[in-house]
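Colleague: Below are the structure tokens for one structure; questions will follow.
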Amino acid sequence: MGMIDPNEVMDLEAVAVSVWWLGNSGFAINAAGSVILIDPVIELQDDADPVTSEIRLPLLVPLPIRARNMDRADLVLVTHDHSDHAGHRTIPELAERTHALFVGTERTAFKLRQFGIPEARFRTARYGQPMRVGGTTVIPTVASHEEDIIHTQRGDCCGFLIKVAGVTIWHPGDTELLDEHLKIRDVDVIMLPIAQHTLDTEGAARLANATRARHIIPCHYGTFDSDLYWCTGDPAKLTPRIEDAARRYHILSIGDKLVIPAR
């Protein structure tokens, strides 16, 4: 586990593309100076309690960075409205401290309005419809996320295909494997949720091999001290199932980063 230097994440002069795992499904990206956050849940429930996340579960490791330490972000992409992806303390903190534009589905927009995010700071994600923000193009991708407790249908959740600094990054979101996913190509970095209610081991391996992504990062596991089904997953199970895993597959610790040269 590594602590993330906020100045490195927010470096305007960065020339490479750096991807940090924030824990669970969260990532921070600095793409040649553009700062993008995906599903950040990086605040505590109570500042006096350094162990308990804002979603009221104990953390296995300390938060690698706090939202309150971020004073610059260009985009905050939220795949869906569940609390472990749309943090009720993180989102308002980022809105107050940064100029970021928030992107998510209509259902996510409803939750962000409850957090006090004004309409002018939000764009609605629609499958396959690109949006451009500065030098970044974001294409929402289809997702379907069903749980025993909370049901999120197509249209309520999404993934994000991000094209920036000559690099293509794809976070499919919390989703089962869909036929549309297997047709996506030319991906440099893919984040794979491996908890059993998402892609799980089989779906994650199939998607990694179908896309032929140059770099693969597992996520949605190993963050909260809980045996709930959506908190657990074993990234090592994917290793023998991913083609050329020694070169392509990166099991990061929370707070660690992958660096890719910008094109």
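Each chain in the structure tokens gets a letter, A, B, ..., in the order shown, and its residues are numbered from 1; ligands are numbered from 1 in order too.
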Can you list, as a PyMOL selection string, every residue of region 110-217 of chain A that DSSP puts in strand (DSSP E)?

Modeller: chain A and resi 122-124+131-133+136-142+145-146+151-152+158-164+167-171+189-193+215-217

Colleague: Quick one: residues within 7 Å of region 238-251 of chain A, only C-alpha atoms counted, chain neighbours fewer than 5 positions away excluded, as a ChimeraX atom specification?

Modeller: /A:201,205,208-209,214-218

Colleague: When you look at region 169-182 of chain A with a cut-off of 8 Å (counting only C-alpha atoms), what residues show up, excluding the ones that are within fewer than 5 positions of it in the same chain? I need them as JSON, numbers by chain.

Modeller: {"A": [25, 79, 80, 141, 142, 143, 144, 145, 146, 157, 158, 159, 160, 161, 162, 163, 187, 188, 189, 190, 191, 192, 193, 197, 198, 199, 203, 204, 207, 210, 211]}

Colleague: Find the residues near Ala67 (chain A): any atom within 9 Å, counting only C-alpha atoms, skip ones fewer than 2 places away on the same chain, and give them as a list in words.

Modeller: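 Near neighbours after the sequence-gap exclusion: Pro40, Val41, Ile42, Glu43, Ile65, Asn69, Met70, Asp71, Arg89, Thr90, Ile91, Glu93, Leu94 and Arg97 of chain A.
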
Colleague: Emit the selected residues as a short mmCIF file (atom, residue, chain, number, x, y, z; two decimals), in the first residue's frame, including N, CA and C atoms.

Modeller:
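In the end it all went to result03.cif:
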```cif
data_model
loop_
_atom_site.label_atom_id
_atom_site.label_comp_id
_atom_site.auth_asym_id
_atom_site.auth_seq_id
_atom_site.Cartn_x
_atom_site.Cartn_y
_atom_site.Cartn_z
N PRO A 40 -14.42 7.81 -6.98
CA PRO A 40 -13.62 8.05 -5.78
C PRO A 40 -14.46 7.99 -4.51
N VAL A 41 -14.06 7.17 -3.56
CA VAL A 41 -14.66 7.13 -2.22
C VAL A 41 -13.49 7.24 -1.26
N ILE A 42 -13.08 8.47 -1.00
CA ILE A 42 -11.80 8.72 -0.34
C ILE A 42 -11.94 9.70 0.83
N GLU A 43 -13.00 9.50 1.61
CA GLU A 43 -13.16 10.23 2.86
C GLU A 43 -13.56 9.26 3.96
N ILE A 65 -5.27 8.68 -0.15
CA ILE A 65 -5.37 10.12 -0.38
C ILE A 65 -6.76 10.54 0.10
N ASN A 69 -7.69 16.86 0.25
CA ASN A 69 -6.35 17.24 -0.18
C ASN A 69 -6.24 17.47 -1.68
N MET A 70 -7.36 17.35 -2.36
CA MET A 70 -7.40 17.58 -3.81
C MET A 70 -7.96 18.97 -4.08
N ASP A 71 -7.16 19.83 -4.70
CA ASP A 71 -7.69 21.14 -5.07
C ASP A 71 -7.73 21.31 -6.59
N ARG A 89 -19.44 11.87 1.31
CA ARG A 89 -18.54 12.92 1.79
C ARG A 89 -17.53 13.32 0.70
N THR A 90 -17.11 12.35 -0.08
CA THR A 90 -16.11 12.63 -1.13
C THR A 90 -16.65 13.58 -2.20
N ILE A 91 -17.83 13.30 -2.70
CA ILE A 91 -18.36 14.07 -3.84
C ILE A 91 -18.53 15.55 -3.48
N GLU A 93 -17.01 17.23 -1.19
CA GLU A 93 -15.68 17.78 -0.93
C GLU A 93 -14.97 18.13 -2.25
N LEU A 94 -15.05 17.24 -3.22
CA LEU A 94 -14.43 17.50 -4.52
C LEU A 94 -15.13 18.65 -5.24
N ARG A 97 -13.84 21.91 -3.64
CA ARG A 97 -12.42 22.22 -3.73
C ARG A 97 -11.88 22.27 -5.15
#
```

Colleague: Can you measure CA of Gln129 (chain A) to CA of Ser34 (chain A) for me? One decimal in Å is fine.

Modeller: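 The value is 20.9 Å.
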
Colleague: Could you give me, as a count of residues only, each residue of region 166-210 of chain A that DSSP assigns to alpha helix (DSSP H) when run on this structure's backbone?

Modeller: 11
